[in-house]
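Trainee: Okay, so here is model_7.cif, and as you'll see once you scroll down, it has mmCIF, C-alpha atoms.
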data_query
#
loop_
_atom_site.label_atom_id
_atom_site.label_comp_id
_atom_site.auth_asym_id
_atom_site.auth_seq_id
_atom_site.Cartn_x
_atom_site.Cartn_y
_atom_site.Cartn_z
CA MET Z 1 8.81 32.97 0.63
CA GLN Z 2 5.61 34.41 2.12
CA LEU Z 3 3.67 31.32 1.01
CA PHE Z 4 6.34 29.08 2.59
CA ARG Z 5 6.00 30.95 5.88
CA GLU Z 6 2.25 30.51 5.71
CA ILE Z 7 2.48 26.74 5.19
CA ILE Z 8 4.94 26.55 8.12
CA ASP Z 9 2.46 28.35 10.38
CA ARG Z 10 -0.36 26.06 9.22
CA THR Z 11 1.81 22.98 9.82
CA LEU Z 12 2.80 24.05 13.33
CA ALA Z 13 -0.88 24.68 14.11
CA THR Z 14 -1.77 21.02 13.44
CA LYS Z 15 -1.66 18.43 16.22
CA GLU Z 16 1.27 16.66 14.54
CA GLY Z 17 3.12 19.92 13.93
CA GLU Z 18 2.64 21.09 17.50
CA ALA Z 19 3.87 17.75 18.86
CA GLY Z 20 6.78 17.72 16.40
CA TYR Z 21 7.82 21.17 17.60
CA SER Z 22 7.70 19.90 21.19
CA VAL Z 23 9.94 16.92 20.32
CA THR Z 24 12.46 19.26 18.66
CA GLU Z 25 12.44 21.59 21.67
CA THR Z 26 12.99 18.72 24.12
CA LEU Z 27 16.03 17.46 22.21
CA MET Z 28 17.51 20.93 21.75
CA ASP Z 29 17.05 21.74 25.45
CA ALA Z 30 19.00 18.54 26.20
CA GLY Z 31 21.85 19.77 23.98
CA TYR Z 32 21.17 17.75 20.81
CA ASP Z 33 20.55 18.66 17.18
CA CYS Z 34 17.08 17.90 15.85
CA TYR Z 35 15.82 18.52 12.32
CA TRP Z 36 12.69 17.57 10.44
CA VAL Z 37 13.91 15.77 7.36
CA GLY Z 38 12.83 14.22 4.07
CA GLY Z 39 9.21 14.18 2.99
CA ALA Z 40 7.97 16.72 5.56
CA VAL Z 41 10.43 19.37 4.37
CA ARG Z 42 9.81 18.51 0.73
CA ASP Z 43 6.04 18.81 1.20
CA MET Z 44 6.27 22.20 2.90
CA LEU Z 45 8.49 23.57 0.13
CA LEU Z 46 5.81 22.37 -2.29
CA LEU Z 47 3.37 24.40 -0.16
CA LYS Z 48 1.61 21.30 1.15
CA LEU Z 49 0.91 20.19 4.71
CA PRO Z 50 3.32 17.30 5.42
CA ALA Z 51 1.81 13.82 5.52
CA ASP Z 52 4.35 12.60 8.09
CA ILE Z 53 7.12 14.20 10.09
CA ASP Z 54 10.37 12.26 10.45
CA MET Z 55 13.38 13.65 12.27
CA ALA Z 56 17.16 13.32 12.12
CA VAL Z 57 18.94 13.89 15.42
CA SER Z 58 22.43 13.87 16.90
CA ALA Z 59 21.22 11.94 19.96
CA LYS Z 60 21.93 8.20 20.09
CA PRO Z 61 18.95 5.83 20.41
CA THR Z 62 19.62 5.23 24.11
CA ASP Z 63 19.64 9.00 24.73
CA ILE Z 64 16.37 9.42 22.83
CA MET Z 65 14.65 6.70 24.86
CA LYS Z 66 15.76 8.36 28.12
CA LEU Z 67 14.20 11.66 27.02
CA PHE Z 68 10.97 10.08 25.78
CA PRO Z 69 9.60 7.33 28.06
CA LYS Z 70 6.90 6.50 25.50
CA SER Z 71 9.22 5.19 22.82
CA ASP Z 72 9.67 2.06 20.73
CA GLY Z 73 13.29 1.01 20.35
CA THR Z 74 12.65 -2.07 18.18
CA ALA Z 75 14.91 -0.64 15.44
CA ALA Z 76 17.39 1.02 17.82
CA GLU Z 77 20.28 -1.10 16.51
CA LEU Z 78 19.71 0.48 13.10
CA GLY Z 79 19.60 3.95 14.66
CA SER Z 80 15.82 4.55 14.70
CA VAL Z 81 13.43 5.10 17.59
CA VAL Z 82 9.68 5.81 17.39
CA VAL Z 83 8.51 8.25 20.07
CA SER Z 84 4.99 9.20 21.12
CA VAL Z 85 4.23 12.75 22.24
CA LYS Z 86 0.80 14.34 22.71
CA GLY Z 87 -0.88 11.44 20.95
CA GLN Z 88 1.37 11.71 17.88
CA THR Z 89 4.19 9.37 16.82
CA PHE Z 90 7.46 10.29 15.14
CA GLU Z 91 10.41 8.29 13.84
CA LEU Z 92 13.69 9.74 15.08
CA THR Z 93 16.85 8.54 13.38
CA THR Z 94 20.34 9.23 14.66
CA TYR Z 95 22.71 10.86 12.15
CA ARG Z 96 24.27 7.99 10.22
CA SER Z 97 27.13 7.58 7.79
CA ASP Z 98 27.81 4.65 5.46
CA HIS Z 99 26.23 1.33 6.41
CA ASP Z 100 26.97 -2.26 5.49
CA ILE Z 101 24.58 -3.70 2.89
CA VAL Z 102 24.44 -7.34 1.85
CA ASP Z 103 22.91 -8.34 -1.54
CA ALA Z 104 21.24 -4.93 -2.04
CA ARG Z 105 18.94 -5.57 0.92
CA ARG Z 106 18.40 -3.99 4.32
CA PRO Z 107 21.48 -2.73 6.18
CA GLU Z 108 23.27 -5.29 8.30
CA SER Z 109 24.66 -2.55 10.54
CA VAL Z 110 24.94 1.23 10.75
CA ARG Z 111 27.61 3.69 11.77
CA PHE Z 112 26.61 6.93 13.44
CA GLY Z 113 28.05 10.14 12.03
CA THR Z 114 27.47 13.85 11.51
CA ARG Z 115 24.61 15.74 9.90
CA ASP Z 116 26.70 16.05 6.70
CA ASP Z 117 27.32 12.28 6.70
CA ASP Z 118 23.60 11.68 7.18
CA ALA Z 119 22.69 13.82 4.18
CA LEU Z 120 25.14 12.07 1.86
CA ARG Z 121 23.82 8.60 2.64
CA ARG Z 122 20.22 9.49 1.66
CA ASP Z 123 18.74 8.52 -1.71
CA ALA Z 124 17.53 11.63 -3.56
CA THR Z 125 18.52 15.28 -3.23
CA ILE Z 126 14.94 16.37 -2.52
CA ASN Z 127 14.85 13.91 0.39
CA ALA Z 128 18.02 15.34 1.97
CA MET Z 129 16.71 18.69 3.15
CA TYR Z 130 16.70 19.41 6.90
CA TRP Z 131 14.57 22.00 8.65
CA ASN Z 132 14.44 23.09 12.26
CA PRO Z 133 11.02 24.40 13.38
CA VAL Z 134 12.52 26.29 16.34
CA SER Z 135 15.29 28.21 14.54
CA ARG Z 136 13.51 28.03 11.12
CA GLU Z 137 16.90 27.02 9.64
CA LEU Z 138 16.97 25.07 6.34
CA PHE Z 139 20.04 22.86 5.82
CA ASP Z 140 20.29 21.83 2.16
CA PRO Z 141 23.76 20.39 1.38
CA CYS Z 142 22.70 18.52 -1.79
CA LYS Z 143 20.83 21.41 -3.46
CA GLY Z 144 17.50 19.69 -3.05
CA GLU Z 145 15.53 22.95 -3.03
CA ALA Z 146 16.88 23.87 -6.48
CA ASP Z 147 16.03 20.39 -7.79
CA LEU Z 148 12.55 20.64 -6.30
CA LYS Z 149 11.92 23.90 -8.18
CA GLU Z 150 12.65 21.95 -11.39
CA ARG Z 151 10.66 18.95 -10.12
CA LEU Z 152 13.87 16.98 -10.65
CA VAL Z 153 14.47 13.54 -9.13
CA ARG Z 154 18.21 13.01 -8.77
CA PHE Z 155 20.31 10.52 -6.85
CA ILE Z 156 22.81 11.83 -4.32
CA GLY Z 157 26.31 10.77 -5.38
CA GLU Z 158 27.03 8.16 -8.05
CA PRO Z 159 23.63 6.71 -9.09
CA ASN Z 160 24.75 3.14 -9.85
CA THR Z 161 26.51 2.91 -6.50
CA ARG Z 162 23.45 4.17 -4.63
CA ILE Z 163 21.26 1.53 -6.24
CA LYS Z 164 23.73 -1.26 -5.51
CA GLU Z 165 23.77 -0.20 -1.85
CA ASP Z 166 20.01 -0.82 -1.66
CA ALA Z 167 17.91 -1.90 -4.64
CA LEU Z 168 14.75 -0.62 -2.96
CA ARG Z 169 15.88 2.82 -4.11
CA ILE Z 170 14.77 1.86 -7.62
CA LEU Z 171 11.16 1.59 -6.48
CA ARG Z 172 11.43 4.57 -4.16
CA LEU Z 173 12.68 6.98 -6.82
CA VAL Z 174 10.06 5.85 -9.32
CA ARG Z 175 7.38 6.51 -6.70
CA LEU Z 176 8.99 9.85 -5.81
CA ARG Z 177 8.84 11.07 -9.42
CA SER Z 178 5.13 10.30 -9.58
CA LEU Z 179 4.52 11.84 -6.16
CA ILE Z 180 5.91 15.25 -7.19
CA ASP Z 181 4.80 14.92 -10.83
CA GLY Z 182 8.45 15.35 -11.71
CA GLN Z 183 11.16 14.21 -14.07
CA TYR Z 184 14.40 12.24 -13.77
CA HIS Z 185 17.92 13.62 -13.98
CA PRO Z 186 19.45 11.89 -17.06
CA GLU Z 187 22.09 10.04 -15.02
CA THR Z 188 19.46 8.89 -12.52
CA TYR Z 189 17.22 7.62 -15.32
CA ALA Z 190 20.11 5.70 -16.95
CA ALA Z 191 21.06 4.09 -13.62
CA LEU Z 192 17.48 3.01 -12.93
CA LYS Z 193 17.23 1.42 -16.36
CA ASN Z 194 20.67 -0.22 -16.26
CA ASN Z 195 20.12 -1.72 -12.80
CA ALA Z 196 16.48 -2.78 -13.20
CA ALA Z 197 17.31 -6.45 -12.67
CA LEU Z 198 18.54 -5.72 -9.12
CA ALA Z 199 14.91 -5.25 -8.08
CA ALA Z 200 14.61 -9.04 -8.20
CA THR Z 201 16.87 -9.26 -5.13
CA LEU Z 202 14.32 -7.49 -2.94
CA SER Z 203 12.28 -9.46 -0.44
CA GLY Z 204 8.57 -9.88 -1.02
CA THR Z 205 7.83 -7.91 2.14
CA ARG Z 206 9.73 -4.85 0.92
CA ILE Z 207 8.15 -5.01 -2.55
CA LEU Z 208 4.66 -5.24 -1.03
CA GLU Z 209 5.31 -2.30 1.27
CA GLU Z 210 6.45 -0.17 -1.66
CA LEU Z 211 3.58 -1.36 -3.87
CA GLU Z 212 1.02 -0.29 -1.27
CA LYS Z 213 2.62 3.16 -1.05
CA LEU Z 214 2.64 3.42 -4.85
CA LEU Z 215 -1.06 2.56 -5.07
CA LYS Z 216 -1.85 5.47 -2.72
CA LEU Z 217 -0.33 8.00 -5.15
CA PRO Z 218 -2.67 10.54 -6.79
CA LYS Z 219 -1.99 8.82 -10.14
CA PRO Z 220 -0.57 5.30 -9.62
CA SER Z 221 -0.40 4.59 -13.36
CA LYS Z 222 2.45 7.06 -13.79
CA ALA Z 223 4.72 5.05 -11.48
CA LEU Z 224 3.53 1.67 -12.82
CA ILE Z 225 4.19 2.75 -16.42
CA ASP Z 226 7.66 3.94 -15.36
CA LEU Z 227 8.38 0.56 -13.77
CA LEU Z 228 7.36 -1.15 -17.01
CA GLU Z 229 9.32 1.15 -19.32
CA LEU Z 230 12.43 1.02 -17.13
CA GLY Z 231 12.33 -2.79 -17.25
CA VAL Z 232 11.76 -3.11 -13.49
CA LEU Z 233 8.22 -4.53 -13.47
CA PRO Z 234 9.11 -7.92 -15.05
CA HIS Z 235 11.48 -8.50 -12.11
CA VAL Z 236 8.98 -7.72 -9.34
CA LEU Z 237 5.51 -8.34 -10.85
CA PRO Z 238 6.01 -10.27 -14.11
CA GLU Z 239 2.34 -11.31 -14.14
CA LEU Z 240 1.28 -7.66 -14.29
CA ALA Z 241 3.85 -6.82 -16.95
CA ALA Z 242 2.42 -9.67 -19.08
CA CYS Z 243 -0.86 -7.73 -19.39
CA ARG Z 244 0.78 -5.20 -21.73
CA GLY Z 245 -0.26 -5.85 -25.31
CA VAL Z 246 -3.08 -8.31 -24.49
CA ALA Z 247 -5.96 -7.08 -26.68
CA GLN Z 248 -9.55 -6.77 -25.47
CA PRO Z 249 -12.80 -6.66 -27.52
CA VAL Z 250 -12.77 -3.15 -28.92
CA LYS Z 251 -16.57 -2.84 -28.73
CA TYR Z 252 -16.44 -2.91 -24.93
CA HIS Z 253 -12.91 -1.63 -24.23
CA LEU Z 254 -12.06 1.52 -26.13
CA GLU Z 255 -9.37 2.19 -23.49
CA GLY Z 256 -7.24 -0.46 -25.16
CA ASP Z 257 -5.46 -3.57 -23.92
CA VAL Z 258 -5.62 -5.22 -20.50
CA TRP Z 259 -2.71 -3.12 -19.25
CA ASN Z 260 -4.47 0.13 -20.20
CA HIS Z 261 -7.63 -1.11 -18.47
CA LEU Z 262 -5.78 -1.85 -15.23
CA MET Z 263 -3.98 1.51 -15.31
CA GLN Z 264 -7.30 3.30 -15.80
CA CYS Z 265 -8.75 1.34 -12.85
CA ALA Z 266 -5.81 2.37 -10.65
CA ASP Z 267 -6.21 6.04 -11.52
CA ALA Z 268 -9.88 5.86 -10.46
CA PHE Z 269 -9.01 5.14 -6.80
CA THR Z 270 -10.66 7.43 -4.26
CA GLU Z 271 -9.88 8.06 -0.59
CA ASP Z 272 -12.41 5.47 0.62
CA HIS Z 273 -10.62 2.66 -1.23
CA GLY Z 274 -8.42 0.73 1.20
CA ALA Z 275 -5.22 -1.15 0.45
CA ASP Z 276 -6.98 -4.48 -0.18
CA THR Z 277 -9.42 -2.92 -2.63
CA ARG Z 278 -6.58 -1.23 -4.52
CA ILE Z 279 -4.55 -4.42 -4.84
CA ALA Z 280 -7.62 -6.43 -5.86
CA ALA Z 281 -8.45 -3.87 -8.55
CA LEU Z 282 -4.88 -3.89 -9.88
CA PHE Z 283 -4.89 -7.70 -10.15
CA HIS Z 284 -8.56 -8.36 -10.98
CA ASP Z 285 -7.88 -9.12 -14.67
CA ILE Z 286 -4.36 -10.45 -14.31
CA GLY Z 287 -5.53 -13.85 -15.62
CA LYS Z 288 -6.57 -12.47 -19.01
CA PRO Z 289 -3.23 -13.16 -20.74
CA LYS Z 290 -3.63 -16.88 -19.91
CA THR Z 291 -7.31 -17.06 -20.90
CA PHE Z 292 -7.19 -15.06 -24.16
CA SER Z 293 -9.03 -16.72 -27.06
CA LEU Z 294 -10.34 -15.49 -30.40
CA THR Z 295 -13.51 -16.96 -31.95
CA ASP Z 296 -16.36 -14.69 -33.02
CA ARG Z 297 -14.60 -12.04 -30.91
CA ILE Z 298 -11.98 -11.90 -28.16
CA HIS Z 299 -12.95 -13.93 -25.06
CA PHE Z 300 -11.42 -14.49 -21.60
CA ASP Z 301 -13.31 -17.53 -20.34
CA GLU Z 302 -13.01 -18.16 -16.58
CA HIS Z 303 -10.57 -15.27 -16.27
CA ALA Z 304 -11.93 -14.26 -12.85
CA LYS Z 305 -10.98 -17.60 -11.27
CA VAL Z 306 -7.62 -17.67 -13.06
CA SER Z 307 -6.93 -14.08 -11.96
CA SER Z 308 -7.78 -15.05 -8.38
CA ASP Z 309 -5.35 -17.97 -8.46
CA ILE Z 310 -2.56 -15.85 -9.96
CA ALA Z 311 -3.17 -13.08 -7.41
CA THR Z 312 -2.93 -15.65 -4.61
CA SER Z 313 0.43 -16.81 -5.95
CA ILE Z 314 1.73 -13.24 -6.23
CA LEU Z 315 0.61 -12.24 -2.74
CA GLU Z 316 2.09 -15.38 -1.20
CA ARG Z 317 5.37 -14.47 -2.89
CA LEU Z 318 5.08 -10.97 -1.42
CA LYS Z 319 4.58 -12.48 2.07
CA MET Z 320 1.16 -10.92 2.60
CA PRO Z 321 -0.74 -12.25 5.65
CA ARG Z 322 -3.02 -15.18 4.79
CA THR Z 323 -6.22 -13.42 5.92
CA ARG Z 324 -5.62 -10.55 3.51
CA ILE Z 325 -4.78 -12.92 0.65
CA GLU Z 326 -8.05 -14.81 1.17
CA LYS Z 327 -10.07 -11.59 1.04
CA ILE Z 328 -8.36 -10.17 -2.06
CA SER Z 329 -8.54 -13.49 -3.92
CA TRP Z 330 -12.24 -13.89 -3.03
CA VAL Z 331 -13.02 -10.40 -4.32
CA ILE Z 332 -11.17 -11.03 -7.59
CA GLU Z 333 -12.83 -14.40 -8.11
CA HIS Z 334 -16.32 -12.89 -7.78
CA HIS Z 335 -15.83 -9.55 -9.52
CA MET Z 336 -17.86 -10.66 -12.59
CA MET Z 337 -21.01 -11.56 -10.59
CA MET Z 338 -22.74 -8.17 -10.57
CA GLY Z 339 -25.37 -9.14 -13.14
CA SER Z 340 -26.70 -12.00 -11.01
CA PHE Z 341 -27.47 -10.25 -7.72
CA LYS Z 342 -30.93 -8.83 -8.50
CA THR Z 343 -32.32 -12.23 -9.52
CA LEU Z 344 -31.34 -13.95 -6.26
CA SER Z 345 -33.76 -14.99 -3.54
CA ASP Z 346 -33.70 -13.04 -0.27
CA GLU Z 347 -31.82 -15.90 1.39
CA ARG Z 348 -29.09 -15.83 -1.29
CA LYS Z 349 -28.99 -12.04 -1.20
CA ALA Z 350 -28.41 -12.25 2.54
CA HIS Z 351 -25.47 -14.57 1.85
CA TRP Z 352 -23.88 -11.96 -0.41
CA TYR Z 353 -25.04 -8.63 0.96
CA PHE Z 354 -24.10 -9.54 4.53
CA HIS Z 355 -20.77 -11.03 3.52
CA PRO Z 356 -17.93 -9.29 5.42
CA TRP Z 357 -16.05 -8.63 2.16
CA PHE Z 358 -19.00 -7.48 0.07
CA GLN Z 359 -18.09 -3.79 0.41
CA GLU Z 360 -14.68 -4.42 -1.16
CA LEU Z 361 -16.33 -6.48 -3.89
CA LEU Z 362 -18.64 -3.57 -4.74
CA GLN Z 363 -15.67 -1.20 -4.80
CA VAL Z 364 -13.75 -3.38 -7.25
CA MET Z 365 -16.85 -3.69 -9.44
CA TYR Z 366 -17.05 0.11 -9.47
CA LEU Z 367 -13.36 0.42 -10.37
CA ASP Z 368 -13.71 -2.21 -13.09
CA ILE Z 369 -16.37 -0.03 -14.72
CA ALA Z 370 -14.40 3.18 -14.14
CA GLY Z 371 -11.42 1.55 -15.86
CA THR Z 372 -13.49 0.77 -18.95
CA THR Z 373 -14.27 3.10 -21.86
CA PRO Z 374 -17.16 3.70 -22.26
CA SER Z 375 -18.06 3.45 -18.55
CA GLY Z 376 -21.63 2.25 -18.03
CA PHE Z 377 -22.74 2.47 -14.40
CA SER Z 378 -26.47 1.79 -14.86
CA LEU Z 379 -26.36 -1.85 -13.71
CA TYR Z 380 -23.99 -0.96 -10.86
CA ASP Z 381 -26.38 1.77 -9.70
CA GLU Z 382 -29.27 -0.71 -9.79
CA ILE Z 383 -27.30 -3.14 -7.60
CA ILE Z 384 -26.43 -0.38 -5.13
CA GLY Z 385 -30.13 0.54 -4.96
CA ASP Z 386 -31.15 -3.08 -4.42
CA TYR Z 387 -28.40 -3.52 -1.81
CA ASP Z 388 -29.51 -0.42 0.13
CA GLU Z 389 -33.17 -1.45 -0.05
CA PHE Z 390 -32.37 -4.97 1.15
CA LEU Z 391 -30.31 -3.71 4.11
CA ASN Z 392 -33.10 -1.32 5.09
CA SER Z 393 -35.66 -4.14 5.17
CA HIS Z 394 -33.37 -6.87 6.52
CA PRO Z 395 -31.37 -5.86 9.61
CA ARG Z 396 -27.75 -6.90 9.42
CA PRO Z 397 -26.90 -9.87 11.66
CA GLU Z 398 -24.88 -9.40 14.80
CA LYS Z 399 -21.10 -9.45 14.75
CA PRO Z 400 -19.45 -12.90 14.45
CA LEU Z 401 -19.97 -14.94 17.59
CA LEU Z 402 -16.46 -16.41 17.44
CA LYS Z 403 -13.11 -14.95 16.38
CA GLY Z 404 -10.52 -16.73 14.26
CA GLU Z 405 -8.32 -17.46 17.29
CA GLU Z 406 -11.25 -19.09 19.08
CA VAL Z 407 -12.03 -21.24 16.02
CA MET Z 408 -8.41 -22.43 15.81
CA LYS Z 409 -8.38 -23.37 19.50
CA LEU Z 410 -11.81 -25.02 19.38
CA LEU Z 411 -11.05 -27.13 16.30
CA SER Z 412 -7.31 -27.58 16.99
CA ILE Z 413 -6.35 -26.19 13.58
CA GLU Z 414 -3.71 -23.68 12.48
CA SER Z 415 -4.25 -20.37 10.71
CA GLY Z 416 -5.15 -20.86 7.06
CA GLU Z 417 -7.89 -21.72 4.61
CA GLN Z 418 -9.74 -24.02 7.04
CA VAL Z 419 -10.26 -21.16 9.49
CA GLY Z 420 -11.69 -18.96 6.76
CA LYS Z 421 -14.10 -21.66 5.64
CA ALA Z 422 -15.24 -22.30 9.21
CA LEU Z 423 -15.86 -18.59 9.84
CA LYS Z 424 -17.79 -18.29 6.58
CA ALA Z 425 -19.98 -21.29 7.43
CA LEU Z 426 -20.65 -19.81 10.86
CA HIS Z 427 -21.48 -16.43 9.31
CA ASP Z 428 -23.99 -18.03 6.93
CA ALA Z 429 -25.59 -19.93 9.82
CA GLN Z 430 -25.95 -16.63 11.73
CA VAL Z 431 -27.59 -14.98 8.71
CA ARG Z 432 -30.11 -17.88 8.56
CA LYS Z 433 -30.72 -17.46 12.33
CA GLU Z 434 -29.70 -21.09 12.90
CA VAL Z 435 -27.05 -19.93 15.38
CA THR Z 436 -27.71 -17.10 17.84
CA THR Z 437 -25.43 -17.71 20.85
CA LYS Z 438 -21.75 -18.40 21.40
CA ALA Z 439 -22.55 -21.86 22.79
CA GLU Z 440 -24.57 -22.67 19.67
CA ALA Z 441 -21.72 -21.38 17.50
CA LYS Z 442 -19.25 -23.74 19.18
CA GLU Z 443 -21.58 -26.70 18.83
CA PHE Z 444 -22.24 -25.80 15.17
CA LEU Z 445 -18.51 -25.82 14.36
CA LYS Z 446 -17.89 -29.07 16.27
CA LYS Z 447 -20.69 -30.71 14.30
CA LEU Z 448 -19.29 -29.23 11.07
CA ILE Z 449 -15.83 -30.70 11.69
CA ARG Z 450 -17.31 -34.13 12.53
CA ILE Z 451 -19.22 -34.17 9.25
CA SER Z 452 -16.15 -33.13 7.24
CA GLN Z 453 -14.09 -35.94 8.83
CA LYS Z 454 -16.53 -38.70 7.82
#
Now, as a test, write the supplied structure out as structure tokens.
Mentor:
Amino acid sequence: MQLFREIIDRTLATKEGEAGYSVTETLMDAGYDCYWVGGAVRDMLLLKLPADIDMAVSAKPTDIMKLFPKSDGTAAELGSVVVSVKGQTFELTTYRSDHDIVDARRPESVRFGTRDDDALRRDATINAMYWNPVSRELFDPCKGEADLKERLVRFIGEPNTRIKEDALRILRLVRLRSLIDGQYHPETYAALKNNAALAATLSGTRILEELEKLLKLPKPSKALIDLLELGVLPHVLPELAACRGVAQPVKYHLEGDVWNHLMQCADAFTEDHGADTRIAALFHDIGKPKTFSLTDRIHFDEHAKVSSDIATSILERLKMPRTRIEKISWVIEHHMMMGSFKTLSDERKAHWYFHPWFQELLQVMYLDIAGTTPSGFSLYDEIIGDYDEFLNSHPRPEKPLLKGEEVMKLLSIESGEQVGKALKALHDAQVRKEVTTKAEAKEFLKKLIRISQK
């Protein structure tokens, strides 16, 4: 208990904790209930500083927005308001009871209720703990604290029913088990396995959102392996599931098949790896099942290009913005080029080393090596040395003279591949010092479009 009190004091001393306390006080002074709920409470009981603080309140959305002028009521109809206090943002959700779900997707409507109702409609017991920073009261109607001591992930209520209410709970509970390094309650495990096919009803947007959260876990492979073994992965990312059992040349890949390689890559993520790098690394060899051949040894000819094309298809299905898809696909397509950089002329090095996505490319190359046993970084280190030396002796060109929106307006084209190609051509012209002003940039692109139309 002493350690719990210490983590509370440390939390309240942070900027977010101090602002969260202020939000709670404001609501209580106005006569409303306000509790920190879910992950913040769970983290503190695990003696960790909470990553985010969400709150459950008795106030209706309209009441919340009156109390907090700096608020976003975009999701007010679903009972949630985002408020800003002291430079920090918090999601406040009004106590809710059962809600109407259609096809295991997002709620069509919500009904407000009591704190007890709100607890019973949540997914897992360890996400249904409520804590008030003013009174220091812990409300734990579903015995989440006891489950947390056992590192137990357990659905609230009847597991099959909870999944059918919202199939996203399948992905959420798998991620939750990995997050706390826990285990499943037997009934929860059986329900996840029996209802795996329901994951196919989820929208691409929701799957992508959950995938990005999963890839930020301390050990993403644990959740990904769970999704495969539960039979969920073939319904959300069948192309990734197909990598299981695809052999690699044992001389270079003692880690095992393509699946093992990708899992080892994912577990090598560090804090400086952004979402695009993580997704690119996860999918960088996803074309190997289609390019497998066996002659003198196992080969995967042109697998980088095939992987890029498959990744593009996946990310389009997941409704990722086009600009992000183009970057991730470009990185995957070029991830096998490391051996060629040192032999390039300075002009060609400038093309690559100044490329706006080259940092992500280097990161995926690093992860590709880290995901391989044995891991040989000597060539990678040489490239990093050459890259640093080149940048020191060749100042990086100025920022792009035109933005994507300006290119679209100038050339009367819509967002898409053409915009990316135009920006790349302009970037290369800047590197070569052929274009140095905004006026020259506009004239360069006009000339480029005239040539392409001939």
Trainee: Which residues are near Gln183 of chain Z? Cut-off 7 Å, all atoms listed in the file, ignore same chain within fewer than 4 positions. Put them as a list in words.
Mentor: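 Near Gln183 of chain Z, the qualifying residues are Arg151, Leu152, Val153 and Arg177 of chain Z.
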Trainee: Create the file for the chosen residues now, containing C-alpha atoms and written as a PDB file, in the frame of the given file.
Mentor:
ATOM      1  CA  ARG Z 151      10.660  18.950 -10.120  1.00  0.00           C
ATOM      2  CA  LEU Z 152      13.870  16.980 -10.650  1.00  0.00           C
ATOM      3  CA  VAL Z 153      14.470  13.540  -9.130  1.00  0.00           C
ATOM      4  CA  ARG Z 177       8.840  11.070  -9.420  1.00  0.00           C
TER       5      ARG Z 177
END
Trainee: When you look at segment 241-246 of chain Z with a cut-off of 12 Å (counting all atoms listed in the file), what residues show up, excluding the ones that are within fewer than 4 positions of it in the same chain? I need them as a count of residues only.
Mentor: 41
Trainee: Near segment 313-316 of chain Z, within 10 Å and counting all atoms listed in the file, which residues show up once chain neighbours fewer than 5 positions away are dropped, as a VMD selection string?
Mentor: chain Z and resid 204 to 205 208 236 to 240 279 283 307 to 308 321 to 322 324 to 326 328 to 329
Trainee: Suppose we keep C-alpha atoms; can you now write the selection as a short mmCIF file (atom, residue, chain, number, x, y, z; two decimals), in the frame of the given file?
Mentor:
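In the end it all went to part_3.cif:
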data_model
loop_
_atom_site.label_atom_id
_atom_site.label_comp_id
_atom_site.auth_asym_id
_atom_site.auth_seq_id
_atom_site.Cartn_x
_atom_site.Cartn_y
_atom_site.Cartn_z
CA GLY Z 204 8.57 -9.88 -1.02
CA THR Z 205 7.83 -7.91 2.14
CA LEU Z 208 4.66 -5.24 -1.03
CA VAL Z 236 8.98 -7.72 -9.34
CA LEU Z 237 5.51 -8.34 -10.85
CA PRO Z 238 6.01 -10.27 -14.11
CA GLU Z 239 2.34 -11.31 -14.14
CA LEU Z 240 1.28 -7.66 -14.29
CA ILE Z 279 -4.55 -4.42 -4.84
CA PHE Z 283 -4.89 -7.70 -10.15
CA SER Z 307 -6.93 -14.08 -11.96
CA SER Z 308 -7.78 -15.05 -8.38
CA PRO Z 321 -0.74 -12.25 5.65
CA ARG Z 322 -3.02 -15.18 4.79
CA ARG Z 324 -5.62 -10.55 3.51
CA ILE Z 325 -4.78 -12.92 0.65
CA GLU Z 326 -8.05 -14.81 1.17
CA ILE Z 328 -8.36 -10.17 -2.06
CA SER Z 329 -8.54 -13.49 -3.92
#
Trainee: With distances taken over only C-alpha atoms, which residue among Z:Leu46, Z:Ala350, Z:Leu379, Z:Ala19 lies nearest Pro133 of chain Z?
Mentor: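 Under the stated criterion, the closest residue is Z:Ala19.
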Trainee: So which residues get picked by the PyMOL selection byres ((chain Z and resi 88) around 9) here, written as a list in words?
Mentor: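 Listing what the PyMOL selection byres ((chain Z and resi 88) around 9) selects in the shown file: Lys15, Glu16, Ala19, Gly20, Val83, Ser84, Val85, Lys86, Gly87, Thr89 and Phe90 of chain Z.
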Trainee: Show which residues sit within 12 Å of Ala30 of chain Z, as a count of residues only. Count all atoms listed in the file, and ignore same-chain residues fewer than 2 positions away.
Mentor: 17
Trainee: On this structure, which residues satisfy the PyMOL selection byres ((chain Z and resi 387) around 10), written as a PyMOL selection string?
Mentor: chain Z and resi 341-342+349-350+352-354+381-386+388-392
Trainee: As a check of understanding, name the residues that the PyMOL selection byres ((chain Z and resi 161-168) around 8) selects in the supplied structure, as a VMD selection string.
Mentor: chain Z and resid 101 104 to 106 123 155 to 160 169 to 172 191 to 192 195 198 to 199 201 to 202 206 to 207
Trainee: How many Å separate atom CA of Thr125 of chain Z from atom CA of Leu214 of chain Z?
Mentor: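 Going from atom CA of Thr125 of chain Z over to atom CA of Leu214 of chain Z covers 19.9 Å.
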Trainee: Just how far from atom CA of Ile7 of chain Z is atom CA of Leu138 of chain Z, in Å to one decimal?
Mentor: 14.6 Å
Trainee: Find the residues around Asp428 of chain Z up to 8 Å (all atoms listed in the file counted), leave out those fewer than 4 positions away in its own chain, and share them as JSON, numbers by chain.
Mentor: {"Z": [351, 424, 432]}
Trainee: Around all the atoms of segment 159-166 of chain Z listed in the file, with 5 Å of room on each side, what axis-aligned box do you get, giving centre and edge lengths in Å to one decimal, as AutoDock Vina command-line options?
Mentor:
--center_x 23.3 --center_y 2.7 --center_z -5.8 --size_x 16.5 --size_y 18.0 --size_z 18.2
